[in-house]
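Just below is one structure, and these are the notes that go with it.
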Amino acid sequence: MKRREILKSLTLLPLAGGITATAAPLNNMLSAPAAGRDLFKELGIRTFINAAGNYTVMSGCLMPPEVMDAINAASKKFALVDDVQEKVGERIAQICHAEAALVSAGCWSALMLGMAGVLTGMDSKRVSQVPNLAGTGMKSEVILQKSHSMGYDHALTQAGVKLIKVETREEVEAAINENTAMLWFLNREVNVGKIKHQEWLELGKKYNLPTMIDIAADVPPVENLWKFNDMGFDLVVISGGKAMRGPQSAGILMGKKKYVDAARLSNNPRGGIGRGQKVNKEEVFGMYAALERFVNLDHKKEWEMWERKIAYIAGVIKSIPGVSTSTHIPATEDNKMPTLKVTWDPNKIKLTNVEMGERLRKGSPSVEVISWEAPNTLRCGMHVLEAGEEKIVASRLKEELLKASV
């Protein structure tokens, strides 16, 4: 959660350039944006080169042309949201080896809707009662491992359930009772939990309990899109605006048809718990286009491109006295892509990691890096850099490291 606190602080920075003290004439402020108009510049909003990652606070990702083409085309015609969700859901399900799927308002929404679907089934009365479960006859507890409780599980509680946190198989079996609705698994923490995928699924089958897995940022590898459906999880949820580069406000809920169909009853455009989490037709089509594009990418070529960017930046800065570089791949299952790790000797470079992050952020051009993990260390994510931006990042890193050299 420390990372989130640091990232949250970024939003409190003054807007680069500020907003002019003299407001524009009212008629100009109300005019329709012209083609090519730079609203970031006009409104004084800081933009930056993202060498950090697909963080929500940093606006996720930049959507590629294929995704924007789908969004723009969808904006020119009317269609029923249900029809769009049904047809797109069928295609997503085929691609991901699921029985059914729907596009949600991000992964958090997918978690909440999936939970609601498990609780209510196709009972419309129960749909109207969520999240007030007391006295309804609905089950009200979800079991998860303590190490998997990272804040994301709070999305489940929005459907009214209580979280029961355990560590061992014995504790799971002791916790299961007539109120247990589901077993929930956070894939990014699989390496620290005592119970792994197959054993978790075995427990679900033994006690006839549905299982849900959160794989929010766990592609690549691309195979993860269908791995957990094939493995037997009843529901799988994923973010759309990370490595797949779909709309940041979109996600996918997929899995067994009976649960996905039930989740639809709580979703927009109906009046259930998900009514306020709208996904418009443009986002649904954009998510579908992003998924198709991602599945068809040459992922080996992508990885090699990231490695070339790492090599370029490292080549520019590694000769600076006291600086060392290495390729780092996260140990967790999320964001498993190569990043550049830069470390420096504090006796030769008088700059903390936080100070380095600030200097890069406030310089020109502004650059965001991962500067909150360890002393005298930063990391640069390659997967969010646009073509040629590695040269700018290398130049800015070199500039700041040399300024601080003694």
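Note on naming: chains are A, B, ... as they come in the structure tokens, residues start from 1 per chain, ligands start from 1 in the order shown.
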
Excluding same-chain residues fewer than 4 positions from region 310-319 of chain A, what lies within 10 Å of it counting only C-alpha atoms, as a JSON list (two decimals) with C-alpha atoms, in the first residue's frame?
[["chain", "number", "residue", "atom", "x", "y", "z"],
["A", 304, "GLU", "CA", 13.17, -8.24, -27.55],
["A", 305, "MET", "CA", 12.19, -4.62, -28.20],
["A", 306, "TRP", "CA", 12.01, -3.98, -24.43],
["A", 323, "VAL", "CA", 26.25, 3.88, -11.38],
["A", 324, "SER", "CA", 25.32, 0.26, -12.04],
["A", 325, "THR", "CA", 22.48, -1.17, -14.13],
["A", 326, "SER", "CA", 20.70, -4.50, -14.44],
["A", 327, "THR", "CA", 17.59, -6.02, -15.93],
["A", 338, "PRO", "CA", 11.68, -6.62, -18.08],
["A", 339, "THR", "CA", 12.54, -3.28, -16.48],
["A", 340, "LEU", "CA", 15.80, -1.39, -16.13],
["A", 341, "LYS", "CA", 17.12, -1.19, -12.57],
["A", 342, "VAL", "CA", 19.51, 1.70, -11.91],
["A", 343, "THR", "CA", 21.51, 1.86, -8.66],
["A", 344, "TRP", "CA", 24.11, 4.39, -7.59],
["A", 380, "CYS", "CA", 12.27, 2.20, -15.64],
["A", 381, "GLY", "CA", 9.47, 0.29, -17.35],
["A", 382, "MET", "CA", 10.00, -0.23, -21.07],
["A", 390, "GLU", "CA", 14.07, 5.56, -24.46],
["A", 391, "LYS", "CA", 16.54, 8.09, -25.89],
["A", 392, "ILE", "CA", 14.89, 10.94, -23.99],
["A", 393, "VAL", "CA", 14.78, 8.91, -20.77],
["A", 394, "ALA", "CA", 18.46, 8.02, -21.14],
["A", 395, "SER", "CA", 19.38, 11.66, -21.70],
["A", 396, "ARG", "CA", 17.38, 12.87, -18.69],
["A", 397, "LEU", "CA", 18.81, 10.15, -16.41],
["A", 398, "LYS", "CA", 22.34, 10.99, -17.50],
["A", 399, "GLU", "CA", 21.71, 14.71, -16.98],
["A", 401, "LEU", "CA", 23.03, 11.72, -12.38],
["A", 402, "LEU", "CA", 25.88, 13.91, -13.63]]

Quiz item: Neighbours of region 104-113 of chain A within 7 Å (only C-alpha atoms; same-chain residues fewer than 5 positions away dropped), as a PyMOL selection string?
Solution: chain A and resi 155-156+158-159+216+237-240+249-253+263+266-267+274+277-279

Self-check item: Selected residue of minimal separation from Arg91 (chain A) among A:Trp303, A:Phe285, A:Tyr152, A:Phe233, counting only C-alpha atoms
Solution: A:Phe285

Return as a Markdown table the residues of region 140-174 of chain A lying at most 7 Å from region 188-199 of chain A, together with the closest atom-to-atom pair for each and the distance in Å to one decimal, counting only C-alpha atoms, with rows in chain order and ascending residue number.
| residue | atom | partner | partner_atom | distance |
| --- | --- | --- | --- | --- |
| A:Gln145 | CA | A:Gly193 | CA | 6.7 |
| A:Ser147 | CA | A:Gly193 | CA | 5.7 |
| A:His148 | CA | A:Glu189 | CA | 5.8 |
| A:Glu167 | CA | A:Lys194 | CA | 6.5 |
| A:Thr168 | CA | A:Lys194 | CA | 6.3 |
| A:Arg169 | CA | A:Ile195 | CA | 6.9 |

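Considering only region 183-213 of chain A, backbone DSSP assigns strand (DSSP E) to Leu183, Trp184, Phe185, Leu186, Thr211, Met212 and Ile213 of chain A.
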
Quiz prompt | Distance criterion (only C-alpha atoms): nearest to Val260 (chain A) out of A:Leu291, A:Ala98, A:Val406, A:Leu163 | solution = A:Ala98

Quiz item: What is the distance, in Å and to one decimal place, between CA of Val166 (chain A) and CA of Asn179 (chain A)?
Solution: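 CA of Val166 (chain A) sits 15.9 Å away from CA of Asn179 (chain A).
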
Near Val118 (chain A), counting only C-alpha atoms, which residues have an atom at most 9 Å away, once you skip same-chain residues fewer than 6 positions from it, shown as a short mmCIF file (atom, residue, chain, number, x, y, z; two decimals) with N, CA and C atoms, in the first residue's frame?
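In the end it all went to out14.cif:
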data_model
loop_
_atom_site.label_atom_id
_atom_site.label_comp_id
_atom_site.auth_asym_id
_atom_site.auth_seq_id
_atom_site.Cartn_x
_atom_site.Cartn_y
_atom_site.Cartn_z
N ALA A 181 -19.86 -18.37 0.61
CA ALA A 181 -20.35 -18.15 -0.74
C ALA A 181 -19.32 -18.48 -1.81
N MET A 182 -18.02 -18.28 -1.49
CA MET A 182 -17.02 -18.39 -2.55
C MET A 182 -15.62 -18.47 -1.95
N PRO A 210 -17.95 -22.07 -5.53
CA PRO A 210 -17.33 -21.43 -6.70
C PRO A 210 -16.01 -20.76 -6.33
N LYS A 258 -23.28 -19.50 -15.96
CA LYS A 258 -24.33 -19.24 -14.97
C LYS A 258 -23.97 -18.08 -14.07
N TYR A 259 -22.68 -17.90 -13.80
CA TYR A 259 -22.26 -16.79 -12.94
C TYR A 259 -22.17 -15.48 -13.71
N VAL A 260 -21.67 -15.53 -14.94
CA VAL A 260 -21.58 -14.32 -15.75
C VAL A 260 -22.97 -13.80 -16.09
N ALA A 262 -25.64 -14.23 -14.34
CA ALA A 262 -26.19 -13.66 -13.10
C ALA A 262 -25.58 -12.30 -12.81
N ALA A 263 -24.28 -12.15 -13.09
CA ALA A 263 -23.62 -10.86 -12.88
C ALA A 263 -24.23 -9.78 -13.75
#

Quiz prompt | Length of the CA of Met68 (chain A) to CA of Thr47 (chain A) vector [Å] | solution = 19.7 Å

Practice problem: For Val384 (chain A), please output as a list in words all residues within 8 Å (counting only C-alpha atoms; exclusion window: fewer than 5 positions along the same chain). | Solution: Asn50, Ala51, Ala52, Gly53, Asn54, Cys61 and Leu62 of chain A

Practice problem: Take CA of Lys300 (chain A) and CA of Asn224 (chain A) and report the distance between them in Å, one decimal. | Solution: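 We find that CA of Lys300 (chain A) and CA of Asn224 (chain A) lie 15.5 Å from each other.
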
Quiz item: Within 10 Å of Ala175 (chain A), counting only C-alpha atoms, which residues qualify if same-chain residues fewer than 3 places away don't, as a list in words?
Solution: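 Everything that qualifies: Glu141, Val142, Ile143, Ile164, Lys165, Val166, Arg169, Glu170, Glu171, Val172, Glu178, Asn179 and Thr180 of chain A.
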
Secondary structure check, alpha helix (DSSP H) residues of region 297-403 of chain A, as an mmCIF file with C-alpha atoms, in the first residue's frame:
data_model
loop_
_atom_site.group_PDB
_atom_site.id
_atom_site.type_symbol
_atom_site.label_atom_id
_atom_site.label_comp_id
_atom_site.auth_asym_id
_atom_site.auth_seq_id
_atom_site.Cartn_x
_atom_site.Cartn_y
_atom_site.Cartn_z
ATOM 1 C CA HIS A 299 5.188 -11.325 -27.934
ATOM 2 C CA LYS A 300 8.731 -12.571 -28.491
ATOM 3 C CA LYS A 301 9.377 -9.544 -30.680
ATOM 4 C CA GLU A 302 7.845 -7.254 -28.061
ATOM 5 C CA TRP A 303 10.108 -8.679 -25.353
ATOM 6 C CA GLU A 304 13.171 -8.241 -27.551
ATOM 7 C CA MET A 305 12.186 -4.619 -28.196
ATOM 8 C CA TRP A 306 12.007 -3.975 -24.430
ATOM 9 C CA GLU A 307 15.431 -5.547 -23.978
ATOM 10 C CA ARG A 308 16.888 -3.310 -26.696
ATOM 11 C CA LYS A 309 15.501 -0.228 -24.926
ATOM 12 C CA ILE A 310 17.001 -1.406 -21.641
ATOM 13 C CA ALA A 311 20.371 -1.935 -23.335
ATOM 14 C CA TYR A 312 20.262 1.528 -24.903
ATOM 15 C CA ILE A 313 19.531 3.398 -21.657
ATOM 16 C CA ALA A 314 22.023 1.288 -19.714
ATOM 17 C CA GLY A 315 24.667 2.016 -22.331
ATOM 18 C CA VAL A 316 24.194 5.759 -21.934
ATOM 19 C CA ILE A 317 24.453 5.900 -18.119
ATOM 20 C CA ASN A 353 15.924 7.865 -4.974
ATOM 21 C CA VAL A 354 13.028 10.145 -4.006
ATOM 22 C CA GLU A 355 15.014 13.246 -4.971
ATOM 23 C CA MET A 356 15.887 11.674 -8.309
ATOM 24 C CA GLY A 357 12.224 10.956 -8.967
ATOM 25 C CA GLU A 358 11.360 14.578 -8.153
ATOM 26 C CA ARG A 359 14.052 15.979 -10.441
ATOM 27 C CA LEU A 360 12.984 13.802 -13.341
ATOM 28 C CA ARG A 361 9.355 14.720 -12.737
ATOM 29 C CA LYS A 362 9.974 18.470 -12.573
ATOM 30 C CA GLU A 389 11.314 7.771 -25.877
ATOM 31 C CA GLU A 390 14.068 5.561 -24.460
ATOM 32 C CA LYS A 391 16.543 8.092 -25.893
ATOM 33 C CA ILE A 392 14.889 10.940 -23.988
ATOM 34 C CA VAL A 393 14.781 8.909 -20.770
ATOM 35 C CA ALA A 394 18.462 8.018 -21.145
ATOM 36 C CA SER A 395 19.381 11.660 -21.699
ATOM 37 C CA ARG A 396 17.378 12.868 -18.687
ATOM 38 C CA LEU A 397 18.806 10.149 -16.408
ATOM 39 C CA LYS A 398 22.337 10.992 -17.496
ATOM 40 C CA GLU A 399 21.707 14.708 -16.980
ATOM 41 C CA GLU A 400 20.443 14.307 -13.415
ATOM 42 C CA LEU A 401 23.034 11.717 -12.384
ATOM 43 C CA LEU A 402 25.881 13.910 -13.627
ATOM 44 C CA LYS A 403 24.474 16.982 -11.867
#

Quiz item: Residues at most 9 Å from Asn229 (chain A), counting only C-alpha atoms, excluding those fewer than 6 positions away in the same chain, as a list in words?
Solution: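 With the cut-off at 9 Å, the set is Cys96, His97, Ala98, Glu99, Leu235, Val236, Met254, Gly255 and Lys256 of chain A.
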
Quiz prompt | 10 Å contact set for Phe294 (chain A), only C-alpha atoms, chain neighbours under 3 positions out, as a PyMOL selection string | solution = chain A and resi 219-220+222+243-246+288-291+297-299

Residues just named, written with N, CA and C atoms as a compact mmCIF listing (two decimals), in the first residue's frame:
# COMPACT_ATOMS: atom_id res chain seq x y z
N VAL A 219 -0.88 -10.25 -17.37
CA VAL A 219 -0.40 -10.54 -18.73
C VAL A 219 0.59 -9.45 -19.11
N PRO A 220 1.69 -9.80 -19.84
CA PRO A 220 2.03 -11.14 -20.30
C PRO A 220 2.42 -12.06 -19.13
N VAL A 222 0.72 -14.02 -22.51
CA VAL A 222 -0.61 -13.95 -23.11
C VAL A 222 -1.45 -15.16 -22.74
N ALA A 243 -1.40 -4.03 -19.72
CA ALA A 243 -0.60 -4.50 -20.86
C ALA A 243 -1.42 -4.68 -22.13
N MET A 244 -2.72 -4.95 -21.98
CA MET A 244 -3.55 -5.10 -23.19
C MET A 244 -3.82 -3.77 -23.88
N ARG A 245 -3.62 -2.67 -23.15
CA ARG A 245 -3.75 -1.31 -23.69
C ARG A 245 -5.16 -1.01 -24.21
N GLY A 246 -6.15 -1.52 -23.47
CA GLY A 246 -7.52 -1.15 -23.75
C GLY A 246 -7.89 0.07 -22.93
N TYR A 288 -12.60 -5.03 -26.68
CA TYR A 288 -12.55 -6.18 -27.59
C TYR A 288 -11.39 -6.03 -28.60
N ALA A 289 -11.25 -4.83 -29.16
CA ALA A 289 -10.18 -4.58 -30.11
C ALA A 289 -8.81 -4.73 -29.45
N ALA A 290 -8.70 -4.26 -28.21
CA ALA A 290 -7.44 -4.38 -27.47
C ALA A 290 -7.08 -5.84 -27.21
N LEU A 291 -8.08 -6.63 -26.84
CA LEU A 291 -7.86 -8.05 -26.59
C LEU A 291 -7.40 -8.76 -27.85
N LEU A 297 -0.37 -10.24 -31.09
CA LEU A 297 0.96 -9.65 -31.08
C LEU A 297 2.05 -10.73 -31.15
N ASP A 298 3.19 -10.34 -31.71
CA ASP A 298 4.37 -11.20 -31.64
C ASP A 298 5.05 -10.88 -30.30
N HIS A 299 4.73 -11.65 -29.28
CA HIS A 299 5.19 -11.32 -27.93
C HIS A 299 6.70 -11.52 -27.76
